[in-house]
Amino acid sequence: MRSRSSNFYLASDYGTKEVEFQRVFRLHLDDARSYFLSVIKPRLDRSYKLYIAYTGDRQREIKKWQANIFVPYIMSVVETMMPRIIDARPDFTVTGRTEKDQAKSEKQQQLADYFWELAKMDATTEDFVRAALVYGTSYLQVSWKKDVRKLKFLTTKDTTSKKLTWNDEARTFYDAPYCEWVDNYSLWYDWHNTARKSKQYWFKRLVLTESELKRRYPGADKQRLEIALESPGGDLTDYASVRQQVKSTHTSIIKGAASSSFSSGSGYGYDKYLNTNTASMKMYETFEYYLPFEDSYAVVVGGSLVPIFKNAFMPIPFDFKEAPFIETTYLKIPGEFEGYGLPLILENPQIMLNLIKNQRLDAATLSIHKMWVVNPLANINKDELVTRPFGIIYSIDPNGVREIQFSDIKSSAYKEEEMLKSDMRYSSGVDDFSMGVGGGASSATEVRHLRESTLERVRLFVNHLGDAYSDVLRYWMDMTRQLFSKEMTIRIIGEDGQELFPVIEKDDLMGLFDYRATVIPSIAGQVDVKKKQDMDLFQLLINLPFIDPRKLTSKVVSGWNWTLDSVAKPAEQSDMGQDPMSAMISDQGGQMGAEGQDLSPEALMGAMQQGGAPQEAGGMPNIQGRSIPTDVLRGALSMLRKPEEMVPAAGNNPFSQLGSPVNLLRSGGLPPTVRGVSKAGGKTSNPRGMNRGGKVNTNISANKKTSTESNLLNRTFNTQR
């Protein structure tokens, strides 16, 4: 038996359990790799080329002069769907199953939003959704990420100093639940069982450097990891090489262009993990191996397939005891695990659309660059057989040279293109209005309904997306209950729009809860409609006595991505915009009127001096920092008296005449007019402004010296004459 200190790995050196582990591992790996290479990878490559509008495959099959274009219709459909699906982050809902648990659900809901920000899930969601639309199926992996690094940190405060001091310190950069997108080319699985819960094994294939291995798996056995690093790197093939081929391939549609260059068996696109110039960049094939039914988890590294954990494998470390992979599909076919994406759905119409476009260009090329029938005895230079303005071909035999004519493109060819695009719209559910192209709709309502129909085709996919995020939330909370070590304070936005800092304790996570994530897609025009509905609802609810105006306002301004604190006044300035007198009267008078008390000026004065406003020395009230003399305030309040309540001390009230109706029709009575405008003054013959005598001249002078419009304008300058 060889010593374990050697740099070669043999499973028999570690006992019969490890030998059995290696046997099962290799059996599963060969089975999963064969299925991936035979079925999954060809579909992924086709989908990616259709999405990216790759022209390299056609370039190899056509002549140099032929056109080679790819209409990016599939990409436009995918990118049209993307912003409508991930317009907003999921709305997490946590519901307790008992009354005691329900009281804790709000903090868990707030904690989910905090973890979402911490894990930068907005960027992960974009990859997750786009991969589902392109490849048909997309995957997430949840984990608890703890990133602790021992590094040198600068302790000198002056960075311009010639002498800098450094201190070795271990710092934690991340210690919380985590979620990452898994590349479709990296995840292999048990294809014999369709449902995720029935799959016996999972492989996540990674190609990592030594430093990445040590950081990603800090619990690895040092001796085993050293043996793995001394062994060959393993199979370093880049199975996603199609992405590099697209970048390194150049094609041209210009006639006479230089031949395109393509990646072949070596060079960029095939040896992504082999071109390493330093030892520290050496790559190692790594497999994360999950056996959910056996509660087993292992990490195997290098060409010798060395398991780097002590005893080769360990139980699945998380309490939910499942493989941490969550999938979602765009178009799910019954009885199949892999879904269908938009590229495979639109593949055949896309190929036909490209063919028609290229045929048109080829026809135009042949029409310009014609073929010739030449008598070999005509003594014609081949270079002269080129179409050019005012070109002349000299020949001793004029009948020895003639061109071949090609017919023009028929109008039916353009109808075929429209019919193909119509077929693609039926298949994808994305119409011209959603893609920003005008159509034949006759009203804005019709356009809005057409745009909403786009979302109806993917409503089920949006529901699948919400189910996937619900599983993410459930896994996150399970790991937090398991690994939560100390209380934390997080920042959240409360219902009233104010920032809150609740304290999360371990007891807040204990109990039975239901987790749900709702994804709300964006319909074109929906945001504006929602804002209008919010404003209408605000006007309807603001006057109800049981409604809190501050909370209601917070709900409305959130539609503009505002916070209430950004628009609210400070508490001490909330009444500065109101007139002091009206504020005092409305506050004090309103209260007394509600209680049936006296609203006399003396009562108002007394209420003002008692609690309406602070009173300065000398009996002068001060309202909002402004002093009002007592006599002015008493005079203003005296105007509110009824005429019969007037006292001699107060003098004649100028408003007493309004105590009874004013009779303007009594004999000799005159209406109130401007001073100087009266019958006695002789300024007007019609002081009441009435045409009682019927002698008012309503004719417009037709004096030809001025226009009719000018005469009419002059008469309006004095309406009393």
# chains A, B, ... in the order shown; residues from 1 in each chain; ligands from 1
>>> residues_around(residues="Leu213 in chain A", least_positions_apart="5", cutoff="12 Å", atoms="only C-alpha atoms", output="PyMOL selection string")
chain A and resi 206-208+218-222+225-226+228-229+280-288+299-302+308
>>> closest_atom_pairs(of="range 111-183 of chain A", to="range 332-335 of chain A", cutoff="12 Å", atoms="only C-alpha atoms", output="CSV")
residue,atom,partner,partner_atom,distance
A:Ala132,CA,A:Lys332,CA,10.9
A:Leu133,CA,A:Lys332,CA,11.8
A:Tyr135,CA,A:Lys332,CA,12.0
A:Gly136,CA,A:Lys332,CA,8.2
A:Thr137,CA,A:Lys332,CA,8.8
A:Ser138,CA,A:Lys332,CA,11.9
>>> write_last_selection(atoms="C-alpha atoms", output="mmCIF file, in the first residue's frame")
data_model
loop_
_atom_site.group_PDB
_atom_site.id
_atom_site.type_symbol
_atom_site.label_atom_id
_atom_site.label_comp_id
_atom_site.auth_asym_id
_atom_site.auth_seq_id
_atom_site.Cartn_x
_atom_site.Cartn_y
_atom_site.Cartn_z
ATOM 1 C CA ALA A 132 -34.450 31.161 -20.148
ATOM 2 C CA LEU A 133 -35.628 33.084 -23.211
ATOM 3 C CA TYR A 135 -31.906 28.499 -24.125
ATOM 4 C CA GLY A 136 -35.371 27.524 -22.932
ATOM 5 C CA THR A 137 -34.245 26.639 -19.393
ATOM 6 C CA SER A 138 -32.283 28.666 -16.877
#
>>> atom_distance(atom1="CA of Tyr51 in chain A", atom2="CA of Val472 in chain A")
28.2 Å
>>> residues_around(residues="range 7-16 of chain A", least_positions_apart="4", cutoff="12 Å", atoms="only C-alpha atoms", output="VMD selection string")
chain A and resid 1 to 3 20 to 23 25 223 to 232 300 to 308 310 to 312
>>> residues_around(residues="Thr156 in chain A", least_positions_apart="5", cutoff="8 Å", atoms="only C-alpha atoms", output="PyMOL selection string")
chain A and resi 164-166
>>> select_by_dssp(residues="range 178-408 of chain A", states="strand (DSSP E or B)", output="number ranges by chain")
A: 178-182, 187-189, 202-208, 284-291, 296-301, 306-307, 309, 312, 314, 325-329, 331, 340, 372-374, 401-403
>>> atom_distance(atom1="CA of Thr328 in chain A", atom2="CA of Glu294 in chain A")
24.8 Å
>>> residues_around(residues="range 357-359 of chain A", least_positions_apart="3", cutoff="7 Å", atoms="only C-alpha atoms", output="list in words")
Ala67, Asn68, Ile69, Leu353, Asn354, Asp362 and Ala363 of chain A
>>> select_by_dssp(residues="range 310-412 of chain A", states="helix (DSSP H, G or I)", output="PyMOL selection string")
chain A and resi 342-345+347-368+382-384+398-400+412
>>> closest_residue(among="A:Pro343, A:Pro570, A:Pro502, A:Gly466", to="Thr125 in chain A", atoms="only C-alpha atoms")
A:Gly466
>>> closest_residue(among="A:Ser241, A:Thr159, A:Ser428, A:Ser34", to="Trp188 in chain A", atoms="only C-alpha atoms")
A:Ser34
>>> residues_around(residues="Arg196 in chain A", least_positions_apart="6", cutoff="12 Å", atoms="only C-alpha atoms", output="PyMOL selection string")
chain A and resi 139+189-190+202+292-293+322-328+335-338
>>> write_last_selection(atoms="N, CA and C atoms", output="tab-separated table (two decimals), in the first residue's frame")
chain	number	residue	atom	x	y	z
A	139	TYR	N	-31.03	28.37	-14.79
A	139	TYR	CA	-30.79	27.78	-13.48
A	139	TYR	C	-30.20	28.81	-12.52
A	189	TYR	N	-26.78	16.66	-15.32
A	189	TYR	CA	-27.69	16.08	-14.35
A	189	TYR	C	-28.17	14.72	-14.82
A	190	ASP	N	-28.92	14.08	-13.94
A	190	ASP	CA	-29.55	12.79	-14.23
A	190	ASP	C	-30.70	13.01	-15.21
A	202	TRP	N	-26.48	15.44	-9.57
A	202	TRP	CA	-26.25	16.73	-10.24
A	202	TRP	C	-24.75	16.99	-10.28
A	292	PRO	N	-28.86	14.01	-3.80
A	292	PRO	CA	-29.89	14.38	-2.82
A	292	PRO	C	-30.50	13.20	-2.09
A	293	PHE	N	-30.70	12.06	-2.78
A	293	PHE	CA	-31.35	10.93	-2.13
A	293	PHE	C	-30.43	10.23	-1.14
A	322	GLU	N	-31.70	19.41	-0.15
A	322	GLU	CA	-31.99	19.23	-1.56
A	322	GLU	C	-30.82	19.76	-2.37
A	323	ALA	N	-30.77	19.38	-3.62
A	323	ALA	CA	-29.79	19.99	-4.51
A	323	ALA	C	-30.12	21.48	-4.63
A	324	PRO	N	-29.13	22.36	-4.53
A	324	PRO	CA	-29.41	23.80	-4.45
A	324	PRO	C	-29.69	24.46	-5.80
A	325	PHE	N	-30.11	23.70	-6.79
A	325	PHE	CA	-30.34	24.24	-8.13
A	325	PHE	C	-31.84	24.43	-8.36
A	326	ILE	N	-32.18	25.58	-8.87
A	326	ILE	CA	-33.58	25.94	-9.14
A	326	ILE	C	-33.68	26.31	-10.60
A	327	GLU	N	-34.60	25.69	-11.31
A	327	GLU	CA	-34.74	25.94	-12.75
A	327	GLU	C	-36.05	26.64	-13.06
A	328	THR	N	-36.08	27.31	-14.18
A	328	THR	CA	-37.31	27.84	-14.73
A	328	THR	C	-37.25	27.68	-16.24
A	335	GLY	N	-43.52	16.05	-19.91
A	335	GLY	CA	-42.65	14.89	-20.03
A	335	GLY	C	-41.21	15.22	-20.33
A	336	GLU	N	-40.85	16.52	-20.43
A	336	GLU	CA	-39.47	16.91	-20.70
A	336	GLU	C	-39.01	17.87	-19.61
A	337	PHE	N	-37.73	17.77	-19.27
A	337	PHE	CA	-37.17	18.67	-18.27
A	337	PHE	C	-36.69	19.97	-18.92
A	338	GLU	N	-36.07	19.87	-20.09
A	338	GLU	CA	-35.57	21.04	-20.78
A	338	GLU	C	-36.71	21.74	-21.52
>>> atom_distance(atom1="CA of Ser485 in chain A", atom2="CA of Leu509 in chain A")
12.0 Å
>>> residues_around(residues="Thr480 in chain A", least_positions_apart="2", cutoff="12 Å", atoms="only C-alpha atoms", output="PDB file with N, CA and C atoms, in the first residue's frame")
ATOM      1  N   GLN A 108     -39.290  39.066   8.355  1.00  0.00           N
ATOM      2  CA  GLN A 108     -38.700  38.167   7.353  1.00  0.00           C
ATOM      3  C   GLN A 108     -38.853  38.735   5.946  1.00  0.00           C
ATOM      4  N   LEU A 111     -36.265  41.267   5.634  1.00  0.00           N
ATOM      5  CA  LEU A 111     -34.961  40.631   5.529  1.00  0.00           C
ATOM      6  C   LEU A 111     -34.726  40.094   4.121  1.00  0.00           C
ATOM      7  N   ALA A 112     -35.775  39.608   3.458  1.00  0.00           N
ATOM      8  CA  ALA A 112     -35.639  39.122   2.085  1.00  0.00           C
ATOM      9  C   ALA A 112     -35.223  40.245   1.147  1.00  0.00           C
ATOM     10  N   PHE A 115     -31.487  40.879   1.756  1.00  0.00           N
ATOM     11  CA  PHE A 115     -30.633  39.870   1.124  1.00  0.00           C
ATOM     12  C   PHE A 115     -30.583  40.061  -0.393  1.00  0.00           C
ATOM     13  N   SER A 143     -26.755  29.347  -1.987  1.00  0.00           N
ATOM     14  CA  SER A 143     -25.707  28.880  -1.079  1.00  0.00           C
ATOM     15  C   SER A 143     -25.530  29.922   0.017  1.00  0.00           C
ATOM     16  N   TRP A 144     -24.755  29.551   1.004  1.00  0.00           N
ATOM     17  CA  TRP A 144     -24.337  30.510   2.033  1.00  0.00           C
ATOM     18  C   TRP A 144     -22.879  30.841   1.748  1.00  0.00           C
ATOM     19  N   LYS A 145     -22.645  32.067   1.393  1.00  0.00           N
ATOM     20  CA  LYS A 145     -21.306  32.491   0.998  1.00  0.00           C
ATOM     21  C   LYS A 145     -20.630  33.212   2.162  1.00  0.00           C
ATOM     22  N   ASP A 175     -20.817  37.457   4.293  1.00  0.00           N
ATOM     23  CA  ASP A 175     -21.262  36.371   5.173  1.00  0.00           C
ATOM     24  C   ASP A 175     -22.789  36.422   5.251  1.00  0.00           C
ATOM     25  N   ALA A 176     -23.439  35.824   4.263  1.00  0.00           N
ATOM     26  CA  ALA A 176     -24.898  35.885   4.158  1.00  0.00           C
ATOM     27  C   ALA A 176     -25.345  34.908   3.084  1.00  0.00           C
ATOM     28  N   PRO A 177     -26.651  34.684   2.956  1.00  0.00           N
ATOM     29  CA  PRO A 177     -27.136  33.858   1.841  1.00  0.00           C
ATOM     30  C   PRO A 177     -26.744  34.470   0.499  1.00  0.00           C
ATOM     31  N   TYR A 178     -26.576  33.595  -0.482  1.00  0.00           N
ATOM     32  CA  TYR A 178     -26.104  34.036  -1.798  1.00  0.00           C
ATOM     33  C   TYR A 178     -26.864  33.265  -2.868  1.00  0.00           C
ATOM     34  N   PHE A 318     -26.765  22.024   4.118  1.00  0.00           N
ATOM     35  CA  PHE A 318     -27.895  22.892   4.411  1.00  0.00           C
ATOM     36  C   PHE A 318     -29.101  22.072   4.851  1.00  0.00           C
ATOM     37  N   ASP A 319     -29.908  22.674   5.722  1.00  0.00           N
ATOM     38  CA  ASP A 319     -31.013  21.949   6.341  1.00  0.00           C
ATOM     39  C   ASP A 319     -32.115  21.574   5.358  1.00  0.00           C
ATOM     40  N   PHE A 320     -32.244  22.273   4.232  1.00  0.00           N
ATOM     41  CA  PHE A 320     -33.321  21.909   3.303  1.00  0.00           C
ATOM     42  C   PHE A 320     -33.027  20.599   2.574  1.00  0.00           C
ATOM     43  N   LEU A 473     -36.307  32.256  -1.912  1.00  0.00           N
ATOM     44  CA  LEU A 473     -36.624  32.853  -0.614  1.00  0.00           C
ATOM     45  C   LEU A 473     -36.713  31.793   0.476  1.00  0.00           C
ATOM     46  N   ARG A 474     -37.322  30.662   0.170  1.00  0.00           N
ATOM     47  CA  ARG A 474     -37.444  29.600   1.174  1.00  0.00           C
ATOM     48  C   ARG A 474     -36.074  29.064   1.567  1.00  0.00           C
ATOM     49  N   TYR A 475     -35.202  28.834   0.576  1.00  0.00           N
ATOM     50  CA  TYR A 475     -33.853  28.358   0.870  1.00  0.00           C
ATOM     51  C   TYR A 475     -33.062  29.383   1.682  1.00  0.00           C
ATOM     52  N   TRP A 476     -33.208  30.647   1.342  1.00  0.00           N
ATOM     53  CA  TRP A 476     -32.494  31.692   2.076  1.00  0.00           C
ATOM     54  C   TRP A 476     -32.889  31.691   3.559  1.00  0.00           C
ATOM     55  N   MET A 477     -34.175  31.614   3.812  1.00  0.00           N
ATOM     56  CA  MET A 477     -34.627  31.664   5.199  1.00  0.00           C
ATOM     57  C   MET A 477     -34.231  30.392   5.960  1.00  0.00           C
ATOM     58  N   ASP A 478     -34.241  29.245   5.294  1.00  0.00           N
ATOM     59  CA  ASP A 478     -33.785  28.017   5.946  1.00  0.00           C
ATOM     60  C   ASP A 478     -32.313  28.122   6.331  1.00  0.00           C
ATOM     61  N   GLN A 482     -30.504  28.371  10.144  1.00  0.00           N
ATOM     62  CA  GLN A 482     -29.466  27.411  10.504  1.00  0.00           C
ATOM     63  C   GLN A 482     -28.158  28.092  10.899  1.00  0.00           C
ATOM     64  N   LEU A 483     -27.769  29.131  10.170  1.00  0.00           N
ATOM     65  CA  LEU A 483     -26.438  29.716  10.330  1.00  0.00           C
ATOM     66  C   LEU A 483     -26.454  31.095  10.952  1.00  0.00           C
ATOM     67  N   PHE A 484     -27.631  31.601  11.336  1.00  0.00           N
ATOM     68  CA  PHE A 484     -27.716  32.918  11.960  1.00  0.00           C
ATOM     69  C   PHE A 484     -27.010  32.878  13.311  1.00  0.00           C
ATOM     70  N   SER A 485     -26.075  33.782  13.521  1.00  0.00           N
ATOM     71  CA  SER A 485     -25.257  33.724  14.735  1.00  0.00           C
ATOM     72  C   SER A 485     -25.479  34.896  15.671  1.00  0.00           C
ATOM     73  N   LYS A 486     -25.833  36.070  15.167  1.00  0.00           N
ATOM     74  CA  LYS A 486     -26.018  37.229  16.023  1.00  0.00           C
ATOM     75  C   LYS A 486     -27.067  38.140  15.404  1.00  0.00           C
ATOM     76  N   GLU A 487     -27.652  38.991  16.253  1.00  0.00           N
ATOM     77  CA  GLU A 487     -28.681  39.889  15.750  1.00  0.00           C
ATOM     78  C   GLU A 487     -28.078  40.916  14.794  1.00  0.00           C
ATOM     79  N   MET A 488     -28.920  41.413  13.903  1.00  0.00           N
ATOM     80  CA  MET A 488     -28.459  42.407  12.944  1.00  0.00           C
ATOM     81  C   MET A 488     -29.491  43.508  12.818  1.00  0.00           C
ATOM     82  N   ILE A 504     -33.190  42.467  13.741  1.00  0.00           N
ATOM     83  CA  ILE A 504     -33.593  41.100  13.424  1.00  0.00           C
ATOM     84  C   ILE A 504     -32.874  40.156  14.386  1.00  0.00           C
ATOM     85  N   GLU A 505     -33.648  39.383  15.128  1.00  0.00           N
ATOM     86  CA  GLU A 505     -33.096  38.399  16.044  1.00  0.00           C
ATOM     87  C   GLU A 505     -33.420  36.993  15.540  1.00  0.00           C
ATOM     88  N   LYS A 506     -32.734  36.013  16.095  1.00  0.00           N
ATOM     89  CA  LYS A 506     -32.926  34.642  15.633  1.00  0.00           C
ATOM     90  C   LYS A 506     -34.348  34.165  15.883  1.00  0.00           C
ATOM     91  N   ASP A 507     -34.977  34.641  16.945  1.00  0.00           N
ATOM     92  CA  ASP A 507     -36.342  34.218  17.241  1.00  0.00           C
ATOM     93  C   ASP A 507     -37.319  34.690  16.162  1.00  0.00           C
ATOM     94  N   ASP A 508     -36.971  35.775  15.436  1.00  0.00           N
ATOM     95  CA  ASP A 508     -37.842  36.271  14.372  1.00  0.00           C
ATOM     96  C   ASP A 508     -37.906  35.313  13.193  1.00  0.00           C
ATOM     97  N   LEU A 509     -36.974  34.385  13.119  1.00  0.00           N
ATOM     98  CA  LEU A 509     -36.922  33.453  11.990  1.00  0.00           C
ATOM     99  C   LEU A 509     -37.553  32.106  12.308  1.00  0.00           C
ATOM    100  N   MET A 510     -37.866  31.865  13.569  1.00  0.00           N
ATOM    101  CA  MET A 510     -38.378  30.566  13.967  1.00  0.00           C
ATOM    102  C   MET A 510     -39.893  30.519  13.795  1.00  0.00           C
TER     103      MET A 510
END
